[in-house]
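Engineer: Below is the file structure12.cif, which contains mmCIF, C-alpha atoms.
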```cif
data_protein
#
loop_
_atom_site.group_PDB
_atom_site.id
_atom_site.type_symbol
_atom_site.label_atom_id
_atom_site.label_comp_id
_atom_site.auth_asym_id
_atom_site.auth_seq_id
_atom_site.Cartn_x
_atom_site.Cartn_y
_atom_site.Cartn_z
ATOM 1 C CA MET Y 115 -23.983 -98.700 -40.455
ATOM 2 C CA ALA Y 116 -20.770 -96.856 -39.692
ATOM 3 C CA ARG Y 117 -18.456 -98.516 -37.204
ATOM 4 C CA ARG Y 118 -17.045 -96.480 -34.374
ATOM 5 C CA ARG Y 119 -13.300 -96.068 -34.324
ATOM 6 C CA GLU Y 120 -11.737 -95.808 -30.886
ATOM 7 C CA GLY Y 121 -11.803 -92.229 -29.617
ATOM 8 C CA ARG Y 122 -13.707 -90.916 -32.660
ATOM 9 C CA LEU Y 123 -17.207 -89.531 -33.139
ATOM 10 C CA LEU Y 124 -19.729 -90.824 -35.666
ATOM 11 C CA ASP Y 125 -21.065 -88.430 -38.317
ATOM 12 C CA LEU Y 126 -24.427 -88.134 -36.554
ATOM 13 C CA GLU Y 127 -22.694 -87.323 -33.268
ATOM 14 C CA MET Y 128 -20.666 -84.620 -35.021
ATOM 15 C CA HIS Y 129 -23.883 -83.171 -36.491
ATOM 16 C CA ILE Y 130 -25.536 -83.226 -33.064
ATOM 17 C CA LEU Y 131 -22.652 -81.449 -31.360
ATOM 18 C CA GLY Y 132 -22.271 -78.886 -34.147
ATOM 19 C CA ALA Y 133 -25.981 -78.089 -34.384
ATOM 20 C CA GLY Y 134 -26.279 -78.198 -30.600
ATOM 21 C CA MET Y 135 -23.572 -75.578 -30.192
ATOM 22 C CA GLN Y 136 -25.352 -73.364 -32.738
ATOM 23 C CA LEU Y 137 -28.708 -73.706 -30.976
ATOM 24 C CA GLN Y 138 -27.084 -73.201 -27.599
ATOM 25 C CA GLY Y 139 -25.543 -69.957 -28.810
ATOM 26 C CA GLU Y 140 -28.949 -68.728 -29.990
ATOM 27 C CA ASP Y 141 -31.364 -69.997 -27.341
ATOM 28 C CA GLY Y 142 -29.387 -71.581 -24.520
ATOM 29 C CA ASP Y 143 -30.455 -75.164 -23.901
ATOM 30 C CA PHE Y 144 -31.898 -77.115 -26.827
ATOM 31 C CA TYR Y 145 -34.250 -80.084 -27.170
ATOM 32 C CA GLY Y 146 -34.364 -83.056 -29.517
ATOM 33 C CA PHE Y 147 -36.966 -81.905 -32.036
ATOM 34 C CA ALA Y 148 -35.310 -78.480 -32.484
ATOM 35 C CA LEU Y 149 -32.011 -80.282 -32.956
ATOM 36 C CA ALA Y 150 -33.511 -82.607 -35.588
ATOM 37 C CA LYS Y 151 -34.894 -79.612 -37.503
ATOM 38 C CA ARG Y 152 -31.518 -77.828 -37.405
ATOM 39 C CA ILE Y 153 -29.662 -80.904 -38.633
ATOM 40 C CA ALA Y 154 -32.170 -81.363 -41.468
ATOM 41 C CA GLU Y 155 -31.707 -77.703 -42.478
ATOM 42 C CA HIS Y 156 -27.932 -78.029 -42.744
ATOM 43 C CA ARG Y 157 -27.434 -81.615 -43.847
ATOM 44 C CA ASP Y 158 -29.134 -83.942 -46.266
ATOM 45 C CA ALA Y 159 -32.178 -85.658 -44.796
ATOM 46 C CA GLY Y 160 -30.453 -89.044 -45.036
ATOM 47 C CA THR Y 161 -28.202 -88.152 -42.109
ATOM 48 C CA LEU Y 162 -31.068 -88.563 -39.679
ATOM 49 C CA THR Y 163 -32.934 -91.723 -40.551
ATOM 50 C CA ALA Y 164 -35.344 -91.658 -37.617
ATOM 51 C CA HIS Y 165 -35.907 -89.758 -34.410
ATOM 52 C CA GLY Y 166 -35.077 -92.967 -32.538
ATOM 53 C CA THR Y 167 -31.604 -92.760 -34.046
ATOM 54 C CA LEU Y 168 -31.253 -89.187 -32.806
ATOM 55 C CA TYR Y 169 -32.359 -89.981 -29.266
ATOM 56 C CA LYS Y 170 -30.042 -93.004 -29.033
ATOM 57 C CA ALA Y 171 -27.151 -90.786 -30.120
ATOM 58 C CA LEU Y 172 -28.186 -88.141 -27.565
ATOM 59 C CA ALA Y 173 -28.096 -90.844 -24.880
ATOM 60 C CA ARG Y 174 -24.606 -91.985 -25.981
ATOM 61 C CA LEU Y 175 -23.299 -88.419 -25.933
ATOM 62 C CA THR Y 176 -24.874 -87.848 -22.509
ATOM 63 C CA ASP Y 177 -23.358 -91.071 -21.133
ATOM 64 C CA SER Y 178 -19.924 -90.031 -22.389
ATOM 65 C CA GLY Y 179 -20.209 -86.576 -20.768
ATOM 66 C CA LEU Y 180 -20.352 -84.601 -24.025
ATOM 67 C CA LEU Y 181 -23.928 -83.422 -23.384
ATOM 68 C CA GLU Y 182 -25.583 -82.419 -20.122
ATOM 69 C CA PRO Y 183 -29.341 -83.085 -19.910
ATOM 70 C CA THR Y 184 -31.935 -81.366 -17.709
ATOM 71 C CA TRP Y 185 -35.713 -81.381 -17.617
ATOM 72 C CA GLU Y 186 -37.654 -78.290 -18.551
ATOM 73 C CA ASP Y 187 -39.620 -76.577 -15.788
ATOM 74 C CA ALA Y 188 -43.030 -78.263 -15.613
ATOM 75 C CA ALA Y 189 -44.801 -74.895 -15.306
ATOM 76 C CA ILE Y 190 -43.465 -73.763 -18.700
ATOM 77 C CA ALA Y 191 -44.673 -76.921 -20.417
ATOM 78 C CA GLU Y 192 -48.043 -76.750 -18.663
ATOM 79 C CA ALA Y 193 -48.526 -73.102 -19.666
ATOM 80 C CA GLU Y 194 -47.901 -74.095 -23.299
ATOM 81 C CA GLY Y 195 -50.155 -77.177 -23.019
ATOM 82 C CA ARG Y 196 -47.532 -79.784 -23.884
ATOM 83 C CA PRO Y 197 -45.324 -82.369 -22.151
ATOM 84 C CA ARG Y 198 -42.033 -81.297 -20.592
ATOM 85 C CA ARG Y 199 -38.985 -81.343 -22.836
ATOM 86 C CA ARG Y 200 -35.643 -82.862 -22.019
ATOM 87 C CA LEU Y 201 -33.150 -80.069 -22.609
ATOM 88 C CA TYR Y 202 -29.507 -80.527 -23.525
ATOM 89 C CA ARG Y 203 -26.375 -78.429 -23.349
ATOM 90 C CA VAL Y 204 -23.030 -79.234 -25.006
ATOM 91 C CA THR Y 205 -20.403 -79.489 -22.284
ATOM 92 C CA GLY Y 206 -16.843 -78.193 -22.485
ATOM 93 C CA ALA Y 207 -15.735 -81.772 -23.122
ATOM 94 C CA GLY Y 208 -18.250 -81.941 -25.974
ATOM 95 C CA GLU Y 209 -16.849 -78.792 -27.560
ATOM 96 C CA LEU Y 210 -13.301 -80.149 -27.255
ATOM 97 C CA ALA Y 211 -14.287 -83.529 -28.722
ATOM 98 C CA HIS Y 212 -16.036 -81.818 -31.653
ATOM 99 C CA ARG Y 213 -12.998 -79.609 -32.319
ATOM 100 C CA ALA Y 214 -10.597 -82.588 -32.060
ATOM 101 C CA GLU Y 215 -12.699 -84.657 -34.462
ATOM 102 C CA LEU Y 216 -12.821 -81.789 -36.962
ATOM 103 C CA GLY Y 217 -9.025 -81.592 -36.788
ATOM 104 C CA ALA Y 218 -8.606 -85.347 -37.201
ATOM 105 C CA ARG Y 219 -10.915 -85.377 -40.223
ATOM 106 C CA ALA Y 220 -9.117 -82.427 -41.812
ATOM 107 C CA ALA Y 221 -5.734 -84.110 -41.303
ATOM 108 C CA ALA Y 222 -7.022 -87.338 -42.851
ATOM 109 C CA VAL Y 223 -8.013 -85.611 -46.092
ATOM 110 C CA ALA Y 224 -5.124 -83.145 -46.324
ATOM 111 C CA PRO Y 225 -2.793 -83.907 -49.232
ATOM 112 C CA GLN Y 226 0.555 -85.322 -48.190
ATOM 113 C CA PRO Y 227 3.562 -83.308 -49.405
ATOM 114 C CA LYS Y 228 5.640 -85.076 -52.040
ATOM 115 C CA ALA Y 229 9.355 -85.371 -51.676
ATOM 116 C CA ALA Y 230 11.361 -83.309 -54.143
ATOM 117 C CA PHE Y 231 13.601 -86.256 -54.890
ATOM 118 C CA ALA Y 232 12.544 -89.857 -54.832
#
```
How does the structure come out when it is put into structure tokens?
Structural biologist:
Amino acid sequence: MARRREGRLLDLEMHILGAGMQLQGEDGDFYGFALAKRIAEHRDAGTLTAHGTLYKALARLTDSGLLEPTWEDAAIAEAEGRPRRRLYRVTGAGELAHRAELGARAAAVAPQPKAAFA
């Protein structure tokens, strides 16, 4: 299991924020199962080992203020004959954290310029 570095996001958290922002742009709020399907479409299936892993990561991101959760209107769920969904929205802090992590990862893999004279 990957260890968290101080102030950094795990790969799964990056996938959640990235896919969440895509879904949010298309449909507004998003829910866990739609998020899992989007991640599976864009990443290898090994990224998401179990839905329990996804929901634990959603809870961590919510606790850190990067996602904002709400409950779906009960009437909508009842009309569709299913339980209510917990909906999520990536916050401004979540967008900034995603962008900062992308920058940090790009800087870590960028080749270092070599001195002309050693």
Engineer: Enter the distance from CA of Ala171 in chain Y to CA of Ala188 in chain Y, in Å, rounded to one decimal.
Structural biologist: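 Value for the CA of Ala171 in chain Y-CA of Ala188 in chain Y distance: 24.9 Å.
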Engineer: Residues picked by the PyMOL selection byres ((chain Y and resi 200) around 12) here, as a list in words?
Structural biologist: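 Answer for the PyMOL selection byres ((chain Y and resi 200) around 12): Asp143, Phe144, Tyr145, Gly146, Phe147, Ala148, Leu149, Tyr169, Leu172, Ala173, Thr176, Leu181, Glu182, Pro183, Thr184, Trp185, Glu186, Asp187, Ala188, Ala191, Pro197, Arg198, Arg199, Leu201, Tyr202 and Arg203 of chain Y.
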Engineer: Which one is closest to Arg174 in chain Y: Y:Gly208, Y:Ala222, Y:Glu140, Y:Gly132? Count all atoms listed in the file.
Structural biologist: Y:Gly208
Engineer: Step by step, work through what the PyMOL selection byres ((chain Y and resi 120-123) around 12) selects in the shown file, and finish by giving those residues as JSON, numbers by chain.
Structural biologist: {"Y": [116, 117, 118, 119, 124, 125, 126, 127, 128, 129, 130, 131, 132, 171, 174, 175, 178, 180, 208, 210, 211, 212, 213, 214, 215, 216, 217, 218, 219]}
Engineer: Find the distance between CA of Gly179 in chain Y and CA of Ala207 in chain Y and write it in Å to one decimal.
Structural biologist: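 Here the two named atoms are 7.0 Å from each other.
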Engineer: Around all the atoms of range 143-156 of chain Y listed in the file, draw an axis-aligned box and extend it by 3 Å on each of the six sides; I want its centre and edge lengths in Å to one decimal, as lines of an AutoDock Vina configuration file.
Structural biologist:
```
center_x = -32.4
center_y = -79.1
center_z = -33.3
size_x = 15.0
size_y = 13.9
size_z = 24.8
```
Engineer: One decimal, Å: what's the distance from CA of Gln136 in chain Y over to CA of Ile153 in chain Y, could you say?
Structural biologist: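 Going from CA of Gln136 in chain Y over to CA of Ile153 in chain Y, I get 10.5 Å.
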Engineer: Write out as a PDB file with C-alpha atoms, keeping the file's coordinate frame each polymer residue whose atoms come within 10 Å of His156 in chain Y, counting all atoms listed in the file; drop sequence neighbours fewer than 4 positions from it.
Structural biologist:
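What follows is the written file around13.pdb:
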```pdb
ATOM      1  CA  HIS Y 129     -23.883 -83.171 -36.491  1.00  0.00           C
ATOM      2  CA  ALA Y 133     -25.981 -78.089 -34.384  1.00  0.00           C
ATOM      3  CA  LYS Y 151     -34.894 -79.612 -37.503  1.00  0.00           C
ATOM      4  CA  ARG Y 152     -31.518 -77.828 -37.405  1.00  0.00           C
TER       5      ARG Y 152
END
```
